[in-house]
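Have a look at run32.pdb below; it lists PDB, C-alpha atoms.
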```
ATOM      1  CA  MET A   2       6.306   1.423 -59.935  1.00  0.00           C
ATOM      2  CA  SER A   3       3.086   1.971 -61.876  1.00  0.00           C
ATOM      3  CA  ASP A   4       2.889   1.114 -65.568  1.00  0.00           C
ATOM      4  CA  GLU A   5       2.365   4.755 -66.532  1.00  0.00           C
ATOM      5  CA  LEU A   6       5.817   5.625 -65.162  1.00  0.00           C
ATOM      6  CA  LYS A   7       7.747   2.932 -66.995  1.00  0.00           C
ATOM      7  CA  SER A   8      10.503   4.279 -69.228  1.00  0.00           C
ATOM      8  CA  LYS A   9       8.589   3.378 -72.392  1.00  0.00           C
ATOM      9  CA  SER A  10       5.508   5.347 -71.331  1.00  0.00           C
ATOM     10  CA  ILE A  11       5.069   8.978 -72.300  1.00  0.00           C
ATOM     11  CA  TRP A  12       5.267  10.047 -68.638  1.00  0.00           C
ATOM     12  CA  GLY A  13       8.405   8.017 -68.063  1.00  0.00           C
ATOM     13  CA  PHE A  14       9.839   9.638 -71.166  1.00  0.00           C
ATOM     14  CA  PHE A  15       9.304  13.161 -69.829  1.00  0.00           C
ATOM     15  CA  LEU A  16      10.700  12.279 -66.413  1.00  0.00           C
ATOM     16  CA  SER A  17      13.806  10.600 -67.815  1.00  0.00           C
ATOM     17  CA  ILE A  18      14.463  12.873 -70.794  1.00  0.00           C
ATOM     18  CA  LYS A  19      17.726  14.824 -70.700  1.00  0.00           C
ATOM     19  CA  SER A  20      17.750  18.604 -70.371  1.00  0.00           C
ATOM     20  CA  ILE A  21      19.129  19.165 -73.855  1.00  0.00           C
ATOM     21  CA  LEU A  22      16.356  17.162 -75.519  1.00  0.00           C
ATOM     22  CA  LEU A  23      13.654  18.844 -73.452  1.00  0.00           C
ATOM     23  CA  PHE A  24      15.154  22.225 -74.337  1.00  0.00           C
ATOM     24  CA  PHE A  25      15.104  21.185 -77.984  1.00  0.00           C
ATOM     25  CA  LEU A  26      11.398  20.334 -77.832  1.00  0.00           C
ATOM     26  CA  VAL A  27      10.274  23.499 -76.058  1.00  0.00           C
ATOM     27  CA  PHE A  28      12.635  26.035 -77.627  1.00  0.00           C
ATOM     28  CA  ILE A  29      14.814  24.887 -80.533  1.00  0.00           C
ATOM     29  CA  LEU A  30      12.002  23.177 -82.452  1.00  0.00           C
ATOM     30  CA  PRO A  31       9.619  26.171 -82.194  1.00  0.00           C
ATOM     31  CA  LEU A  32      12.535  28.446 -83.114  1.00  0.00           C
ATOM     32  CA  ALA A  33      13.208  26.302 -86.179  1.00  0.00           C
ATOM     33  CA  ILE A  34       9.569  26.645 -87.216  1.00  0.00           C
ATOM     34  CA  ALA A  35       9.806  30.418 -86.803  1.00  0.00           C
ATOM     35  CA  THR A  36      13.061  30.544 -88.771  1.00  0.00           C
ATOM     36  CA  SER A  37      11.546  28.487 -91.572  1.00  0.00           C
ATOM     37  CA  ILE A  38       9.388  31.495 -92.458  1.00  0.00           C
ATOM     38  CA  GLN A  39      12.478  33.087 -94.012  1.00  0.00           C
ATOM     39  CA  PHE A  40      12.770  30.220 -96.486  1.00  0.00           C
ATOM     40  CA  VAL A  41       9.144  30.168 -97.562  1.00  0.00           C
ATOM     41  CA  PRO A  42       7.964  32.054-100.677  1.00  0.00           C
ATOM     42  CA  GLY A  43       6.448  35.441 -99.933  1.00  0.00           C
ATOM     43  CA  TYR A  44       2.991  34.546-101.147  1.00  0.00           C
ATOM     44  CA  TRP A  45       2.944  31.644 -98.672  1.00  0.00           C
ATOM     45  CA  ILE A  46       3.974  33.886 -95.787  1.00  0.00           C
ATOM     46  CA  ASN A  47       1.107  36.224 -96.585  1.00  0.00           C
ATOM     47  CA  GLY A  48      -1.224  33.252 -96.690  1.00  0.00           C
ATOM     48  CA  ALA A  49      -1.848  30.108 -94.708  1.00  0.00           C
ATOM     49  CA  TYR A  50       1.760  29.343 -93.795  1.00  0.00           C
ATOM     50  CA  MET A  51       2.018  32.290 -91.409  1.00  0.00           C
ATOM     51  CA  PHE A  52      -1.085  31.143 -89.553  1.00  0.00           C
ATOM     52  CA  PHE A  53       0.275  27.603 -89.424  1.00  0.00           C
ATOM     53  CA  ALA A  54       3.722  28.675 -88.228  1.00  0.00           C
ATOM     54  CA  VAL A  55       2.490  30.859 -85.368  1.00  0.00           C
ATOM     55  CA  SER A  56      -0.007  28.221 -84.248  1.00  0.00           C
ATOM     56  CA  ALA A  57       2.590  25.442 -84.474  1.00  0.00           C
ATOM     57  CA  ILE A  58       5.123  27.426 -82.437  1.00  0.00           C
ATOM     58  CA  ILE A  59       2.661  28.128 -79.636  1.00  0.00           C
ATOM     59  CA  LEU A  60       1.195  24.632 -79.588  1.00  0.00           C
ATOM     60  CA  THR A  61       4.557  22.873 -79.630  1.00  0.00           C
ATOM     61  CA  THR A  62       5.900  24.845 -76.691  1.00  0.00           C
ATOM     62  CA  GLU A  63       2.752  24.716 -74.584  1.00  0.00           C
ATOM     63  CA  VAL A  64       1.889  21.064 -75.198  1.00  0.00           C
ATOM     64  CA  VAL A  65       5.403  19.843 -74.380  1.00  0.00           C
ATOM     65  CA  LEU A  66       5.580  22.055 -71.284  1.00  0.00           C
ATOM     66  CA  TYR A  67       2.283  20.861 -69.837  1.00  0.00           C
ATOM     67  CA  LEU A  68       2.882  17.221 -70.698  1.00  0.00           C
ATOM     68  CA  TRP A  69       6.152  17.563 -68.798  1.00  0.00           C
ATOM     69  CA  MET A  70       4.438  19.163 -65.809  1.00  0.00           C
ATOM     70  CA  TRP A  71       1.663  16.554 -65.878  1.00  0.00           C
ATOM     71  CA  ALA A  72       4.272  13.789 -65.857  1.00  0.00           C
ATOM     72  CA  LEU A  73       5.714  15.226 -62.656  1.00  0.00           C
ATOM     73  CA  GLY A  74       2.598  16.663 -61.038  1.00  0.00           C
ATOM     74  CA  ASN A  75       0.327  13.681 -61.614  1.00  0.00           C
ATOM     75  CA  ALA A  76       2.127  10.530 -62.786  1.00  0.00           C
ATOM     76  CA  TYR A  77       5.169  10.907 -60.525  1.00  0.00           C
ATOM     77  CA  TYR A  78       3.025  12.301 -57.712  1.00  0.00           C
ATOM     78  CA  LYS A  79       0.801   9.207 -57.622  1.00  0.00           C
ATOM     79  CA  ALA A  80       3.778   6.827 -57.583  1.00  0.00           C
ATOM     80  CA  SER A  81       5.851   8.631 -54.938  1.00  0.00           C
ATOM     81  CA  PRO A  82       5.514   9.172 -51.168  1.00  0.00           C
ATOM     82  CA  VAL A  83       4.728  12.843 -51.845  1.00  0.00           C
ATOM     83  CA  ARG A  84       1.096  11.881 -52.410  1.00  0.00           C
ATOM     84  CA  GLU A  85       0.775  11.437 -48.643  1.00  0.00           C
ATOM     85  CA  MET A  86       1.880  15.032 -47.981  1.00  0.00           C
ATOM     86  CA  PHE A  87      -0.577  17.079 -50.040  1.00  0.00           C
ATOM     87  CA  SER A  88      -3.235  16.784 -52.726  1.00  0.00           C
ATOM     88  CA  ASN A  89      -2.778  17.480 -56.428  1.00  0.00           C
ATOM     89  CA  LYS A  90      -6.477  18.042 -57.174  1.00  0.00           C
ATOM     90  CA  ALA A  91      -6.028  21.768 -57.767  1.00  0.00           C
ATOM     91  CA  PHE A  92      -3.067  21.089 -60.050  1.00  0.00           C
ATOM     92  CA  ARG A  93      -5.082  18.642 -62.148  1.00  0.00           C
ATOM     93  CA  LEU A  94      -7.641  21.398 -62.669  1.00  0.00           C
ATOM     94  CA  PHE A  95      -5.292  24.321 -63.238  1.00  0.00           C
ATOM     95  CA  VAL A  96      -3.047  22.459 -65.683  1.00  0.00           C
ATOM     96  CA  TRP A  97      -5.867  22.375 -68.217  1.00  0.00           C
ATOM     97  CA  ILE A  98      -6.580  26.100 -68.046  1.00  0.00           C
ATOM     98  CA  PRO A  99      -3.467  27.308 -69.946  1.00  0.00           C
ATOM     99  CA  LEU A 100      -3.951  24.632 -72.599  1.00  0.00           C
ATOM    100  CA  LEU A 101      -7.588  25.560 -73.169  1.00  0.00           C
ATOM    101  CA  VAL A 102      -6.725  29.262 -73.257  1.00  0.00           C
ATOM    102  CA  THR A 103      -3.946  28.518 -75.751  1.00  0.00           C
ATOM    103  CA  VAL A 104      -6.397  26.748 -78.056  1.00  0.00           C
ATOM    104  CA  LEU A 105      -8.833  29.661 -77.760  1.00  0.00           C
ATOM    105  CA  PHE A 106      -6.045  32.142 -78.442  1.00  0.00           C
ATOM    106  CA  ILE A 107      -4.952  30.276 -81.561  1.00  0.00           C
ATOM    107  CA  ALA A 108      -8.543  30.130 -82.793  1.00  0.00           C
ATOM    108  CA  PHE A 109      -8.864  33.862 -82.120  1.00  0.00           C
ATOM    109  CA  TRP A 110      -5.569  34.547 -83.895  1.00  0.00           C
ATOM    110  CA  VAL A 111      -6.409  32.513 -86.997  1.00  0.00           C
ATOM    111  CA  TYR A 112      -9.921  33.905 -87.266  1.00  0.00           C
ATOM    112  CA  GLY A 113      -8.887  37.510 -86.665  1.00  0.00           C
ATOM    113  CA  ALA A 114      -5.856  37.438 -88.935  1.00  0.00           C
ATOM    114  CA  SER A 115      -7.717  35.711 -91.751  1.00  0.00           C
ATOM    115  CA  THR A 116     -10.702  38.068 -91.609  1.00  0.00           C
ATOM    116  CA  ILE A 117      -8.439  41.131 -91.578  1.00  0.00           C
ATOM    117  CA  TYR A 118      -6.540  39.706 -94.544  1.00  0.00           C
ATOM    118  CA  MET A 119      -9.801  39.259 -96.434  1.00  0.00           C
ATOM    119  CA  GLY A 120     -10.918  42.765 -95.500  1.00  0.00           C
ATOM    120  CA  LYS A 121     -13.876  41.596 -93.432  1.00  0.00           C
ATOM    121  CA  LEU A 122     -12.615  42.962 -90.125  1.00  0.00           C
ATOM    122  CA  SER A 123     -11.044  46.326 -89.405  1.00  0.00           C
ATOM    123  CA  ALA A 124      -7.988  46.776 -87.216  1.00  0.00           C
ATOM    124  CA  ALA A 125     -10.111  48.871 -84.822  1.00  0.00           C
ATOM    125  CA  ASN A 126     -12.600  46.051 -84.353  1.00  0.00           C
ATOM    126  CA  MET A 127      -9.711  43.642 -83.907  1.00  0.00           C
ATOM    127  CA  LEU A 128      -8.277  45.862 -81.166  1.00  0.00           C
ATOM    128  CA  TYR A 129     -11.663  46.043 -79.450  1.00  0.00           C
ATOM    129  CA  SER A 130     -11.981  42.254 -79.534  1.00  0.00           C
ATOM    130  CA  THR A 131      -8.472  41.930 -78.134  1.00  0.00           C
ATOM    131  CA  LEU A 132      -9.281  44.177 -75.184  1.00  0.00           C
ATOM    132  CA  LEU A 133     -12.589  42.415 -74.605  1.00  0.00           C
ATOM    133  CA  TYR A 134     -11.472  38.791 -74.892  1.00  0.00           C
ATOM    134  CA  ALA A 135      -7.727  38.313 -75.294  1.00  0.00           C
ATOM    135  CA  ILE A 136      -6.591  40.272 -72.244  1.00  0.00           C
ATOM    136  CA  PRO A 137      -8.966  38.520 -69.786  1.00  0.00           C
ATOM    137  CA  LEU A 138      -7.973  35.169 -71.289  1.00  0.00           C
ATOM    138  CA  GLN A 139      -4.319  36.099 -70.869  1.00  0.00           C
ATOM    139  CA  LEU A 140      -4.893  36.854 -67.185  1.00  0.00           C
ATOM    140  CA  ILE A 141      -6.596  33.483 -66.712  1.00  0.00           C
ATOM    141  CA  PHE A 142      -3.727  31.861 -68.605  1.00  0.00           C
ATOM    142  CA  MET A 143      -1.129  33.447 -66.323  1.00  0.00           C
ATOM    143  CA  ILE A 144      -2.979  32.405 -63.159  1.00  0.00           C
ATOM    144  CA  GLY A 145      -3.131  28.805 -64.358  1.00  0.00           C
ATOM    145  CA  LYS A 146       0.484  28.793 -65.484  1.00  0.00           C
ATOM    146  CA  PHE A 147       1.820  30.347 -62.285  1.00  0.00           C
ATOM    147  CA  TYR A 148      -0.056  27.818 -60.174  1.00  0.00           C
ATOM    148  CA  CYS A 149       1.340  24.939 -62.242  1.00  0.00           C
ATOM    149  CA  PHE A 150       4.858  26.317 -61.752  1.00  0.00           C
ATOM    150  CA  TYR A 151       4.133  26.730 -58.038  1.00  0.00           C
ATOM    151  CA  PHE A 152       2.921  23.152 -57.645  1.00  0.00           C
ATOM    152  CA  THR A 153       5.745  21.694 -59.730  1.00  0.00           C
ATOM    153  CA  ALA A 154       8.355  23.531 -57.651  1.00  0.00           C
ATOM    154  CA  LYS A 155       6.667  22.468 -54.410  1.00  0.00           C
ATOM    155  CA  LEU A 156       6.478  18.844 -55.516  1.00  0.00           C
ATOM    156  CA  LEU A 157      10.112  18.798 -56.603  1.00  0.00           C
ATOM    157  CA  LYS A 158      11.390  20.209 -53.315  1.00  0.00           C
ATOM    158  CA  SER A 159       9.101  18.031 -51.218  1.00  0.00           C
ATOM    159  CA  ALA A 160      10.207  14.895 -53.056  1.00  0.00           C
ATOM    160  CA  GLU A 161      13.868  15.786 -52.563  1.00  0.00           C
ATOM    161  CA  THR A 162      13.599  16.588 -48.865  1.00  0.00           C
ATOM    162  CA  GLY A 163      11.021  13.972 -47.933  1.00  0.00           C
ATOM    163  CA  LYS A 164       8.779  16.495 -46.207  1.00  0.00           C
ATOM    164  CA  LYS A 165       6.135  18.990 -47.248  1.00  0.00           C
ATOM    165  CA  ALA A 166       7.884  22.107 -48.508  1.00  0.00           C
ATOM    166  CA  ARG A 167       6.819  25.637 -47.681  1.00  0.00           C
ATOM    167  CA  PHE A 168       7.063  28.408 -50.282  1.00  0.00           C
ATOM    168  CA  GLU A 169      10.249  29.810 -48.775  1.00  0.00           C
ATOM    169  CA  ASN A 170      11.796  26.368 -49.250  1.00  0.00           C
ATOM    170  CA  PHE A 171      11.120  26.174 -52.989  1.00  0.00           C
ATOM    171  CA  THR A 172      11.331  29.833 -54.011  1.00  0.00           C
ATOM    172  CA  LYS A 173      14.484  29.108 -56.023  1.00  0.00           C
ATOM    173  CA  GLU A 174      12.791  26.301 -57.962  1.00  0.00           C
ATOM    174  CA  PHE A 175       9.753  28.494 -58.616  1.00  0.00           C
ATOM    175  CA  ILE A 176      11.937  31.300 -59.982  1.00  0.00           C
ATOM    176  CA  LEU A 177      13.826  28.841 -62.193  1.00  0.00           C
ATOM    177  CA  LEU A 178      10.537  27.713 -63.707  1.00  0.00           C
ATOM    178  CA  LEU A 179       9.531  31.326 -64.288  1.00  0.00           C
ATOM    179  CA  PHE A 180      12.717  31.713 -66.335  1.00  0.00           C
ATOM    180  CA  PHE A 181      11.390  29.168 -68.802  1.00  0.00           C
ATOM    181  CA  PRO A 182      12.964  27.522 -70.747  1.00  0.00           C
ATOM    182  CA  ILE A 183      16.408  28.327 -69.265  1.00  0.00           C
ATOM    183  CA  GLY A 184      15.336  27.056 -65.854  1.00  0.00           C
ATOM    184  CA  LEU A 185      14.720  23.598 -67.300  1.00  0.00           C
ATOM    185  CA  TRP A 186      18.488  23.090 -67.572  1.00  0.00           C
ATOM    186  CA  PHE A 187      18.673  23.199 -63.772  1.00  0.00           C
ATOM    187  CA  ILE A 188      15.356  21.534 -62.931  1.00  0.00           C
ATOM    188  CA  GLN A 189      15.362  18.531 -65.262  1.00  0.00           C
ATOM    189  CA  PRO A 190      18.528  16.811 -63.918  1.00  0.00           C
ATOM    190  CA  ARG A 191      16.935  16.813 -60.470  1.00  0.00           C
ATOM    191  CA  ILE A 192      13.761  15.286 -61.889  1.00  0.00           C
ATOM    192  CA  ASN A 193      15.875  12.653 -63.665  1.00  0.00           C
ATOM    193  CA  LYS A 194      17.434  11.773 -60.306  1.00  0.00           C
ATOM    194  CA  LEU A 195      14.049  11.487 -58.588  1.00  0.00           C
ATOM    195  CA  TYR A 196      12.794   9.270 -61.392  1.00  0.00           C
ATOM    196  CA  ARG A 197      15.823   6.981 -61.133  1.00  0.00           C
ATOM    197  CA  GLN A 198      15.304   6.692 -57.389  1.00  0.00           C
ATOM    198  CA  LEU A 199      11.653   5.841 -57.950  1.00  0.00           C
ATOM    199  CA  THR A 200      12.505   3.069 -60.407  1.00  0.00           C
ATOM    200  CA  ILE A 201      14.846   1.491 -57.845  1.00  0.00           C
ATOM    201  CA  TRP A 202      12.195   1.320 -55.117  1.00  0.00           C
TER     202      TRP A 202
END
```

Mind converting the file's structure to structure tokens?
Amino acid sequence: MSDELKSKSIWGFFLSIKSILLFFLVFILPLAIATSIQFVPGYWINGAYMFFAVSAIILTTEVVLYLWMWALGNAYYKASPVREMFSNKAFRLFVWIPLLVTVLFIAFWVYGASTIYMGKLSAANMLYSTLLYAIPLQLIFMIGKFYCFYFTAKLLKSAETGKKARFENFTKEFILLLFFPIGLWFIQPRINKLYRQLTIW
């Protein structure tokens, strides 16, 4: 087994982590950040804390999700027999798209919200900018995210069956990933099992 998949590595951590802890990182922790707004003084909520909270919620969820998918789609892929069945080059490209779009969205959100708050940007101009930039970025984001879910589901099924899976073979896994983060409760135990098998080889 390669060093990057050892249990003490970040990729080994995401492959061996239990469902409840993964669910905590991608859902409970962001929810706690959102809930914390209720306990912050009003003048903070109207100021920088709101920008921080929204950005932190989005970043926490997205970063953990894509680190998890990278652990499976790249680190596990390179150490398992699946690498002989199909390439992950497209995945390694597409996995960066949602992250980059997320960073751009947060920058857009902070800039737009702060300028509106200071009276330098009207709501109409903000709406125009949203239609011009945010919606196309959202479409690009969804394409990248759907492909990452597609590849992750395909890799999971192929690793379990020992042969290259067709879409009809991993439709269930793909749908489970679409129902994020609930689907992780059903997907992660199977990834844990694959990781344990890999460490035995």

Quote the spacing between CA of Leu140 in chain A and CA of Ala154 in chain A in Å to one decimal place.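 The value is 21.1 Å.
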
Taking only residues of range 121-193 of chain A that have an atom at most 12 Å from an atom of range 87-108 of chain A, what is each one's shortest atom pair and its distance in Å to one decimal, using all atoms listed in the file, in chain and number order, as a Markdown table?
```
| residue | atom | partner | partner_atom | distance |
| --- | --- | --- | --- | --- |
| A:Ser130 | CA | A:Phe106 | CA | 11.8 |
| A:Thr131 | CA | A:Phe106 | CA | 10.1 |
| A:Tyr134 | CA | A:Phe106 | CA | 9.3 |
| A:Ala135 | CA | A:Phe106 | CA | 7.1 |
| A:Ile136 | CA | A:Phe106 | CA | 10.2 |
| A:Pro137 | CA | A:Val102 | CA | 10.1 |
| A:Leu138 | CA | A:Val102 | CA | 6.4 |
| A:Gln139 | CA | A:Val102 | CA | 7.6 |
| A:Leu140 | CA | A:Val102 | CA | 9.9 |
| A:Ile141 | CA | A:Ile98 | CA | 7.5 |
| A:Phe142 | CA | A:Pro99 | CA | 4.8 |
| A:Met143 | CA | A:Pro99 | CA | 7.5 |
| A:Ile144 | CA | A:Phe95 | CA | 8.4 |
| A:Gly145 | CA | A:Phe95 | CA | 5.1 |
| A:Lys146 | CA | A:Pro99 | CA | 6.1 |
| A:Phe147 | CA | A:Phe95 | CA | 9.4 |
| A:Tyr148 | CA | A:Phe95 | CA | 7.0 |
| A:Cys149 | CA | A:Val96 | CA | 6.1 |
| A:Phe150 | CA | A:Val96 | CA | 9.6 |
| A:Tyr151 | CA | A:Phe92 | CA | 9.4 |
| A:Phe152 | CA | A:Phe92 | CA | 6.8 |
| A:Thr153 | CA | A:Phe92 | CA | 8.8 |
| A:Ala154 | CA | A:Phe92 | CA | 11.9 |
| A:Lys155 | CA | A:Phe87 | CA | 10.0 |
| A:Leu156 | CA | A:Phe87 | CA | 9.1 |
| A:Ser159 | CA | A:Phe87 | CA | 9.8 |
| A:Ala160 | CA | A:Phe87 | CA | 11.4 |
| A:Lys164 | CA | A:Phe87 | CA | 10.1 |
| A:Lys165 | CA | A:Phe87 | CA | 7.5 |
| A:Ala166 | CA | A:Phe87 | CA | 10.0 |
| A:Arg167 | CA | A:Phe87 | CA | 11.6 |
```

Please, what distance in Å, to one decimal, runs between CA of Thr172 in chain A and CA of Leu195 in chain A? 19.1 Å

Of A:Leu73, A:Val65, A:Val83, A:Leu32, the one nearest to Trp12 in chain A when counting all atoms listed in the file is A:Leu73

One number please: CA of Tyr67 in chain A to CA of Gln198 in chain A, in Å, one decimal.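 Straight-line distance from CA of Tyr67 in chain A to CA of Gln198 in chain A works out to 22.9 Å.
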
List every residue of range 136-201 of chain A that has an atom at most 8 Å from any atom of range 14-29 of chain A, giving for each one its closest atom pair and the distance in Å to one decimal, counting all atoms listed in the file, sorted by chain and then by ascending residue number, as a tab-separated table.
```
residue	atom	partner	partner_atom	distance
A:Pro182	CA	A:Phe24	CA	6.8
A:Leu185	CA	A:Ser20	CA	6.6
A:Trp186	CA	A:Ser20	CA	5.3
A:Gln189	CA	A:Ser20	CA	5.6
A:Pro190	CA	A:Ser20	CA	6.7
A:Ile192	CA	A:Leu16	CA	6.2
A:Asn193	CA	A:Ser17	CA	5.1
A:Tyr196	CA	A:Leu16	CA	6.2
A:Arg197	CA	A:Ser17	CA	7.9
```

Just checking: using only C-alpha atoms, which residue out of A:Trp110, A:Ser37, A:Arg191, A:Gly13 ends up closest to Leu68 in chain A?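 Smallest separation from Leu68 in chain A among the options: A:Gly13.
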